[in-house]
Amino acid sequence: MKNGKRSNTKQAVSWEHIQKNGEFETMELTGKEMDFCTDTARKITDNVARAVVGKKECTRLLLCCLLCGGHALLQDVPGVGKTAAVNAFAASLDMDFRRIQCTPDMLPADILGFTVYDANTGKGSFCPGPIMSRLFLADEINRSSPKTQTALLEAMEEGRITVDGQDHILPQPFMVLATQNPIESVGTYPLPEAQMDRFMMRISFGYPNKEEEKDIMRRYGQGDPLGSLRPVAKTKDIIDMRNAVERVYVSQAAADYIVDITRATRINSLVRLGASPRASLALMKCARAYALINGRDYIIPDDVRLLAPAVLAHRLILSREAAAKGMSKEDALMEIVSAIPVPV
């Protein structure tokens with residue numbers, strides 16, 4: 001990867017389907033495009049930071065998911081700002097946003113919508129549910145029943161829903177954001193592995209440090225900062241940034257590094273079920289988006305290492321050996337990653 005620098009001779013049309021001389025080929029980004037992407041990303045993170053203290057990196061991860069066409073699961077203890085972060089993120093984008101509060105008695109129709117039939121004509125009309133929006137938040141998703149959770153699978157994977165045998169295409173860009181509390185178990189239904197795998201990232205916020213917590217008290221003691229947020233990016237801006245992400249250069253060394261990490265999760269004694277090829281693709285896409293919003297048109301190993309816990313850890317099932325050691329999925333993953341040589 002020659003110090004992470006991109007060769008000026010790289011020219012091509014589609015990273016998804018075309019490889020030449022063993023390297024991923026892309027059409028280079030212009031300086032104007034790079035400036036636009038980094039400036040827009042900065043505006044979004046700064047705007048969210050007006051209401052959410054000390055979580056700029058979490059905002060960048062959410063933005064990476066959106067730019068990759070992925071979905072994000074925000075998992076942490078109550079009260080650390082998960083829902084506030086989603087609300088601030090949505091308020092920063094000029095995109096329609098809908099939210100539901102998940103409960104055990106919620107039905108799939110409460111999310112997807114339903115068909116109303118006219119007794120006189122015998123024809124039905126579709127009443128869209130809240131998922132027919134660009135940004136959709138399922139708050140406390142693990143409180144909904146497995147049947148309701150499953151209703152999200154088609155939407156998250158294929159960008160459409162099926163109601164009474166009729167397909168309905170979701171608007172693009174489309175992103176599902178979900179929150180859940182990993183500690184509480186009463187009245188909850190753990191997400192199945194298939195559902196977890198649909199989330200491109202699982203993001204944990206953690207507790208704020210002392211100064212951040214004092215800042216939270218000061219800001220929210222004078223009102224609700226969320227109410228003053230206004231959009232700083234349009235839907236077209238996000239679409240343009242998505243197109244730019246697909247042109248971020250991935251060297252063969254970087255691609256090998258990503259594959260080495262995911263393959264290592266399948267053979268390590270700490271892991272019973274490792275990451276799938278879908279995870280490799282997700283990690284590459286996120287690394288591209290992360291490089292772009294940080295002002296680079298090429299990815300470096302640090303992008304991959306930083307994103308690996310958020311992209312891969314929730315897809316793993318640990319072995320009894322890891323459980324006996326009291327390791328979390330993130331601990332096991334980072335032990336695996338640290339054993340893999342970093343390309344230079």
# chains A, B, ... in the order shown; residues from 1 in each chain; ligands from 1

call {"tool": "closest_atom_pairs", "arguments": {"of": "region 22-56 of chain A", "to": "region 91-108 of chain A", "cutoff": "9 Å", "atoms": "only C-alpha atoms", "output": "tab-separated table"}}
result
residue	atom	partner	partner_atom	distance
A:Lys43	CA	A:Ser92	CA	8.7
A:Ile44	CA	A:Ser92	CA	6.1
A:Thr45	CA	A:Ser92	CA	8.7
A:Asn47	CA	A:Ser92	CA	6.4
A:Val48	CA	A:Ser92	CA	6.7

call {"tool": "select_by_dssp", "arguments": {"residues": "region 77-253 of chain A", "states": "strand (DSSP E or B)", "output": "count of residues only"}}
result
42

call {"tool": "closest_residue", "arguments": {"among": "A:Leu281, A:Leu312, A:Leu135, A:Cys37", "to": "Pro173 (chain A)", "atoms": "only C-alpha atoms"}}
result
A:Leu135

call {"tool": "residues_around", "arguments": {"residues": "Gln149 (chain A)", "least_positions_apart": "4", "cutoff": "12 Å", "atoms": "only C-alpha atoms", "output": "VMD selection string"}}
result
chain A and resid 102 to 112 138 to 145 153 to 156 178 188 to 196 198

call {"tool": "write_last_selection", "arguments": {"atoms": "N, CA, C and O atoms", "output": "tab-separated table (two decimals), in the first residue's frame"}}
result
chain	number	residue	atom	x	y	z
A	102	CYS	N	-41.16	0.53	20.27
A	102	CYS	CA	-41.49	-0.88	20.18
A	102	CYS	C	-42.06	-1.41	21.49
A	102	CYS	O	-41.56	-1.08	22.57
A	103	THR	N	-43.09	-2.24	21.37
A	103	THR	CA	-43.74	-2.87	22.52
A	103	THR	C	-44.06	-4.32	22.15
A	103	THR	O	-44.14	-4.66	20.96
A	104	PRO	N	-44.26	-5.19	23.15
A	104	PRO	CA	-44.53	-6.60	22.85
A	104	PRO	C	-45.80	-6.83	22.04
A	104	PRO	O	-45.89	-7.82	21.31
A	105	ASP	N	-46.79	-5.95	22.15
A	105	ASP	CA	-48.04	-6.16	21.43
A	105	ASP	C	-48.06	-5.52	20.04
A	105	ASP	O	-49.08	-5.53	19.35
A	106	MET	N	-46.93	-4.99	19.61
A	106	MET	CA	-46.85	-4.36	18.29
A	106	MET	C	-46.92	-5.41	17.19
A	106	MET	O	-46.31	-6.48	17.29
A	107	LEU	N	-47.64	-5.11	16.12
A	107	LEU	CA	-47.80	-6.02	14.99
A	107	LEU	C	-46.99	-5.52	13.79
A	107	LEU	O	-46.69	-4.32	13.69
A	108	PRO	N	-46.66	-6.41	12.85
A	108	PRO	CA	-45.94	-5.98	11.64
A	108	PRO	C	-46.64	-4.84	10.91
A	108	PRO	O	-45.99	-3.95	10.37
A	109	ALA	N	-47.98	-4.87	10.89
A	109	ALA	CA	-48.73	-3.81	10.20
A	109	ALA	C	-48.49	-2.44	10.82
A	109	ALA	O	-48.63	-1.42	10.14
A	110	ASP	N	-48.15	-2.41	12.10
A	110	ASP	CA	-47.87	-1.13	12.76
A	110	ASP	C	-46.62	-0.48	12.20
A	110	ASP	O	-46.42	0.74	12.33
A	111	ILE	N	-45.76	-1.29	11.58
A	111	ILE	CA	-44.53	-0.79	10.99
A	111	ILE	C	-44.67	-0.64	9.47
A	111	ILE	O	-44.32	0.39	8.90
A	112	LEU	N	-45.19	-1.69	8.84
A	112	LEU	CA	-45.21	-1.74	7.38
A	112	LEU	C	-46.39	-0.98	6.77
A	112	LEU	O	-46.28	-0.42	5.67
A	138	ALA	N	-36.50	2.44	15.16
A	138	ALA	CA	-37.22	1.48	15.99
A	138	ALA	C	-36.61	1.55	17.38
A	138	ALA	O	-35.56	0.95	17.65
A	139	ASP	N	-37.24	2.32	18.25
A	139	ASP	CA	-36.70	2.53	19.60
A	139	ASP	C	-36.99	1.31	20.46
A	139	ASP	O	-38.11	0.82	20.50
A	140	GLU	N	-35.96	0.82	21.15
A	140	GLU	CA	-36.05	-0.39	21.98
A	140	GLU	C	-36.59	-1.56	21.16
A	140	GLU	O	-37.58	-2.20	21.50
A	141	ILE	N	-35.89	-1.85	20.09
A	141	ILE	CA	-36.35	-2.85	19.12
A	141	ILE	C	-36.52	-4.23	19.75
A	141	ILE	O	-37.37	-5.01	19.33
A	142	ASN	N	-35.73	-4.55	20.77
A	142	ASN	CA	-35.83	-5.88	21.37
A	142	ASN	C	-37.06	-6.04	22.27
A	142	ASN	O	-37.26	-7.11	22.85
A	143	ARG	N	-37.88	-5.02	22.38
A	143	ARG	CA	-39.15	-5.16	23.09
A	143	ARG	C	-40.27	-5.62	22.15
A	143	ARG	O	-41.35	-5.99	22.61
A	144	SER	N	-40.02	-5.58	20.85
A	144	SER	CA	-41.03	-6.08	19.91
A	144	SER	C	-40.89	-7.59	19.76
A	144	SER	O	-39.82	-8.16	19.99
A	145	SER	N	-41.96	-8.24	19.35
A	145	SER	CA	-41.97	-9.69	19.22
A	145	SER	C	-41.13	-10.14	18.04
A	145	SER	O	-40.86	-9.35	17.12
A	153	LEU	N	-36.82	-7.44	8.10
A	153	LEU	CA	-35.75	-8.09	7.35
A	153	LEU	C	-35.76	-7.73	5.87
A	153	LEU	O	-34.73	-7.37	5.30
A	154	GLU	N	-36.91	-7.85	5.23
A	154	GLU	CA	-37.00	-7.55	3.81
A	154	GLU	C	-36.66	-6.09	3.53
A	154	GLU	O	-35.94	-5.78	2.58
A	155	ALA	N	-37.16	-5.21	4.37
A	155	ALA	CA	-36.89	-3.79	4.17
A	155	ALA	C	-35.41	-3.48	4.29
A	155	ALA	O	-34.85	-2.72	3.48
A	156	MET	N	-34.75	-4.08	5.27
A	156	MET	CA	-33.34	-3.80	5.51
A	156	MET	C	-32.44	-4.39	4.43
A	156	MET	O	-31.40	-3.82	4.09
A	178	ALA	N	-31.92	1.55	15.07
A	178	ALA	CA	-32.61	0.87	16.17
A	178	ALA	C	-31.80	1.03	17.44
A	178	ALA	O	-30.57	1.10	17.40
A	188	THR	N	-38.28	-8.60	26.96
A	188	THR	CA	-37.55	-8.38	25.72
A	188	THR	C	-37.40	-9.68	24.94
A	188	THR	O	-37.51	-10.77	25.49
A	189	TYR	N	-37.12	-9.54	23.64
A	189	TYR	CA	-36.91	-10.67	22.75
A	189	TYR	C	-35.59	-10.44	22.02
A	189	TYR	O	-35.49	-9.53	21.17
A	190	PRO	N	-34.55	-11.21	22.34
A	190	PRO	CA	-33.24	-11.00	21.70
A	190	PRO	C	-33.36	-11.07	20.18
A	190	PRO	O	-34.09	-11.89	19.63
A	191	LEU	N	-32.62	-10.19	19.50
A	191	LEU	CA	-32.64	-10.19	18.05
A	191	LEU	C	-32.00	-11.47	17.52
A	191	LEU	O	-30.92	-11.85	17.97
A	192	PRO	N	-32.63	-12.15	16.56
A	192	PRO	CA	-32.03	-13.35	15.98
A	192	PRO	C	-30.77	-12.99	15.19
A	192	PRO	O	-30.58	-11.84	14.79
A	193	GLU	N	-29.94	-14.00	14.95
A	193	GLU	CA	-28.68	-13.76	14.25
A	193	GLU	C	-28.90	-13.16	12.87
A	193	GLU	O	-28.14	-12.30	12.42
A	194	ALA	N	-29.94	-13.62	12.16
A	194	ALA	CA	-30.22	-13.09	10.83
A	194	ALA	C	-30.52	-11.60	10.89
A	194	ALA	O	-30.13	-10.83	9.99
A	195	GLN	N	-31.21	-11.17	11.94
A	195	GLN	CA	-31.53	-9.75	12.10
A	195	GLN	C	-30.28	-8.96	12.45
A	195	GLN	O	-30.04	-7.87	11.90
A	196	MET	N	-29.46	-9.48	13.34
A	196	MET	CA	-28.23	-8.80	13.72
A	196	MET	C	-27.32	-8.60	12.52
A	196	MET	O	-26.67	-7.57	12.36
A	198	ARG	N	-28.13	-8.08	9.57
A	198	ARG	CA	-28.62	-7.03	8.66
A	198	ARG	C	-28.13	-5.65	9.07
A	198	ARG	O	-28.15	-4.72	8.27

call {"tool": "select_by_dssp", "arguments": {"residues": "region 81-290 of chain A", "states": "alpha helix (DSSP H)", "output": "JSON, numbers by chain"}}
result
{"A": [82, 83, 84, 85, 86, 87, 88, 89, 90, 91, 108, 109, 110, 111, 112, 146, 147, 148, 149, 150, 151, 152, 153, 154, 155, 156, 157, 158, 193, 194, 195, 196, 197, 198, 210, 211, 212, 213, 214, 215, 216, 217, 218, 219, 220, 235, 236, 237, 238, 239, 240, 241, 242, 243, 244, 245, 252, 253, 254, 255, 256, 257, 258, 259, 260, 261, 262, 263, 264, 265, 266, 267, 277, 278, 279, 280, 281, 282, 283, 284, 285, 286, 287, 288, 289, 290]}

call {"tool": "write_last_selection", "arguments": {"atoms": "C-alpha atoms", "output": "PDB file, in the first residue's frame"}}
result
ATOM      1  CA  LYS A  82     -28.856   6.868  22.033  1.00  0.00           C
ATOM      2  CA  THR A  83     -32.274   8.209  21.073  1.00  0.00           C
ATOM      3  CA  ALA A  84     -31.134  11.819  21.395  1.00  0.00           C
ATOM      4  CA  ALA A  85     -28.269  11.115  18.984  1.00  0.00           C
ATOM      5  CA  VAL A  86     -30.636   9.617  16.416  1.00  0.00           C
ATOM      6  CA  ASN A  87     -33.035  12.557  16.759  1.00  0.00           C
ATOM      7  CA  ALA A  88     -30.170  15.034  16.363  1.00  0.00           C
ATOM      8  CA  PHE A  89     -28.782  13.111  13.384  1.00  0.00           C
ATOM      9  CA  ALA A  90     -32.187  13.104  11.688  1.00  0.00           C
ATOM     10  CA  ALA A  91     -32.720  16.798  12.480  1.00  0.00           C
ATOM     11  CA  PRO A 108     -45.943  -5.975  11.638  1.00  0.00           C
ATOM     12  CA  ALA A 109     -48.729  -3.811  10.201  1.00  0.00           C
ATOM     13  CA  ASP A 110     -47.867  -1.134  12.760  1.00  0.00           C
ATOM     14  CA  ILE A 111     -44.529  -0.787  10.989  1.00  0.00           C
ATOM     15  CA  LEU A 112     -45.211  -1.738   7.376  1.00  0.00           C
ATOM     16  CA  PRO A 146     -39.928 -11.909  16.870  1.00  0.00           C
ATOM     17  CA  LYS A 147     -42.751 -11.693  14.308  1.00  0.00           C
ATOM     18  CA  THR A 148     -42.523  -7.916  14.279  1.00  0.00           C
ATOM     19  CA  GLN A 149     -38.717  -7.955  14.196  1.00  0.00           C
ATOM     20  CA  THR A 150     -38.841 -10.253  11.178  1.00  0.00           C
ATOM     21  CA  ALA A 151     -41.028  -7.743   9.349  1.00  0.00           C
ATOM     22  CA  LEU A 152     -37.958  -5.504   9.082  1.00  0.00           C
ATOM     23  CA  LEU A 153     -35.747  -8.094   7.349  1.00  0.00           C
ATOM     24  CA  GLU A 154     -37.002  -7.552   3.807  1.00  0.00           C
ATOM     25  CA  ALA A 155     -36.893  -3.785   4.175  1.00  0.00           C
ATOM     26  CA  MET A 156     -33.338  -3.799   5.509  1.00  0.00           C
ATOM     27  CA  GLU A 157     -31.975  -6.203   2.908  1.00  0.00           C
ATOM     28  CA  GLU A 158     -33.913  -5.387  -0.247  1.00  0.00           C
ATOM     29  CA  GLU A 193     -28.676 -13.757  14.248  1.00  0.00           C
ATOM     30  CA  ALA A 194     -30.218 -13.087  10.829  1.00  0.00           C
ATOM     31  CA  GLN A 195     -31.532  -9.755  12.099  1.00  0.00           C
ATOM     32  CA  MET A 196     -28.226  -8.799  13.722  1.00  0.00           C
ATOM     33  CA  ASP A 197     -26.405  -9.540  10.486  1.00  0.00           C
ATOM     34  CA  ARG A 198     -28.623  -7.030   8.659  1.00  0.00           C
ATOM     35  CA  LYS A 210     -16.683  14.294  33.897  1.00  0.00           C
ATOM     36  CA  GLU A 211     -16.318  17.411  31.750  1.00  0.00           C
ATOM     37  CA  GLU A 212     -18.744  16.088  29.150  1.00  0.00           C
ATOM     38  CA  GLU A 213     -21.316  15.279  31.818  1.00  0.00           C
ATOM     39  CA  LYS A 214     -21.018  18.789  33.247  1.00  0.00           C
ATOM     40  CA  ASP A 215     -21.508  20.176  29.733  1.00  0.00           C
ATOM     41  CA  ILE A 216     -24.647  18.032  29.313  1.00  0.00           C
ATOM     42  CA  MET A 217     -26.059  19.422  32.562  1.00  0.00           C
ATOM     43  CA  ARG A 218     -25.292  22.994  31.488  1.00  0.00           C
ATOM     44  CA  ARG A 219     -26.847  22.671  28.016  1.00  0.00           C
ATOM     45  CA  TYR A 220     -29.984  20.795  28.995  1.00  0.00           C
ATOM     46  CA  THR A 235     -31.064  14.472   0.405  1.00  0.00           C
ATOM     47  CA  LYS A 236     -29.166  15.191  -2.823  1.00  0.00           C
ATOM     48  CA  ASP A 237     -26.017  15.866  -0.785  1.00  0.00           C
ATOM     49  CA  ILE A 238     -26.238  12.412   0.760  1.00  0.00           C
ATOM     50  CA  ILE A 239     -26.821  10.803  -2.647  1.00  0.00           C
ATOM     51  CA  ASP A 240     -23.790  12.628  -4.080  1.00  0.00           C
ATOM     52  CA  MET A 241     -21.672  11.495  -1.135  1.00  0.00           C
ATOM     53  CA  ARG A 242     -22.882   7.914  -1.618  1.00  0.00           C
ATOM     54  CA  ASN A 243     -21.720   8.025  -5.218  1.00  0.00           C
ATOM     55  CA  ALA A 244     -18.362   9.387  -4.097  1.00  0.00           C
ATOM     56  CA  VAL A 245     -17.908   6.565  -1.567  1.00  0.00           C
ATOM     57  CA  GLN A 252      -5.151  -5.051  -3.064  1.00  0.00           C
ATOM     58  CA  ALA A 253      -3.225  -4.920   0.212  1.00  0.00           C
ATOM     59  CA  ALA A 254      -6.176  -3.271   1.953  1.00  0.00           C
ATOM     60  CA  ALA A 255      -8.617  -5.789   0.492  1.00  0.00           C
ATOM     61  CA  ASP A 256      -6.381  -8.657   1.636  1.00  0.00           C
ATOM     62  CA  TYR A 257      -6.231  -7.161   5.131  1.00  0.00           C
ATOM     63  CA  ILE A 258     -10.032  -7.012   5.373  1.00  0.00           C
ATOM     64  CA  VAL A 259     -10.420 -10.596   4.163  1.00  0.00           C
ATOM     65  CA  ASP A 260      -7.665 -11.832   6.480  1.00  0.00           C
ATOM     66  CA  ILE A 261      -9.529 -10.368   9.466  1.00  0.00           C
ATOM     67  CA  THR A 262     -12.911 -11.844   8.598  1.00  0.00           C
ATOM     68  CA  ARG A 263     -11.433 -15.244   7.718  1.00  0.00           C
ATOM     69  CA  ALA A 264      -9.524 -15.277  10.999  1.00  0.00           C
ATOM     70  CA  THR A 265     -12.797 -14.966  12.919  1.00  0.00           C
ATOM     71  CA  ARG A 266     -13.927 -18.267  11.381  1.00  0.00           C
ATOM     72  CA  ILE A 267     -10.981 -20.333  12.594  1.00  0.00           C
ATOM     73  CA  PRO A 277     -18.560 -12.577   3.345  1.00  0.00           C
ATOM     74  CA  ARG A 278     -21.324 -10.009   3.870  1.00  0.00           C
ATOM     75  CA  ALA A 279     -19.254  -8.733   6.798  1.00  0.00           C
ATOM     76  CA  SER A 280     -16.151  -8.398   4.592  1.00  0.00           C
ATOM     77  CA  LEU A 281     -18.125  -6.327   2.110  1.00  0.00           C
ATOM     78  CA  ALA A 282     -19.608  -4.200   4.897  1.00  0.00           C
ATOM     79  CA  LEU A 283     -16.174  -3.530   6.386  1.00  0.00           C
ATOM     80  CA  MET A 284     -14.803  -2.452   3.011  1.00  0.00           C
ATOM     81  CA  LYS A 285     -17.759  -0.153   2.344  1.00  0.00           C
ATOM     82  CA  CYS A 286     -17.520   1.444   5.792  1.00  0.00           C
ATOM     83  CA  ALA A 287     -13.767   1.916   5.450  1.00  0.00           C
ATOM     84  CA  ARG A 288     -14.356   3.726   2.179  1.00  0.00           C
ATOM     85  CA  ALA A 289     -16.978   6.014   3.714  1.00  0.00           C
ATOM     86  CA  TYR A 290     -14.803   6.686   6.762  1.00  0.00           C
TER      87      TYR A 290
END

call {"tool": "closest_residue", "arguments": {"among": "A:Ala119, A:Gly69, A:Ile169, A:Gly31", "to": "Glu246 (chain A)", "atoms": "only C-alpha atoms"}}
result
A:Gly69

call {"tool": "closest_residue", "arguments": {"among": "A:Met201, A:Leu318, A:Cys127, A:Ala41", "to": "Leu333 (chain A)", "atoms": "only C-alpha atoms"}}
result
A:Leu318

call {"tool": "residues_around", "arguments": {"residues": "Ala313 (chain A)", "least_positions_apart": "3", "cutoff": "7 Å", "atoms": "only C-alpha atoms", "output": "MDAnalysis selection string"}}
result
chainID A and resid 309:310 316 329:330 333

call {"tool": "atom_distance", "arguments": {"atom1": "CA of Ala51 (chain A)", "atom2": "CA of Arg230 (chain A)"}}
result
11.4 Å

call {"tool": "closest_residue", "arguments": {"among": "A:Lys32, A:Arg42, A:His314, A:Lys123", "to": "Val232 (chain A)", "atoms": "only C-alpha atoms"}}
result
A:Arg42

call {"tool": "closest_residue", "arguments": {"among": "A:Asp303, A:Asp224, A:Glu335, A:Asp167", "to": "Gly113 (chain A)", "atoms": "only C-alpha atoms"}}
result
A:Asp167

call {"tool": "closest_residue", "arguments": {"among": "A:Cys68, A:Leu177, A:Val271, A:Val250", "to": "Arg296 (chain A)", "atoms": "only C-alpha atoms"}}
result
A:Val250
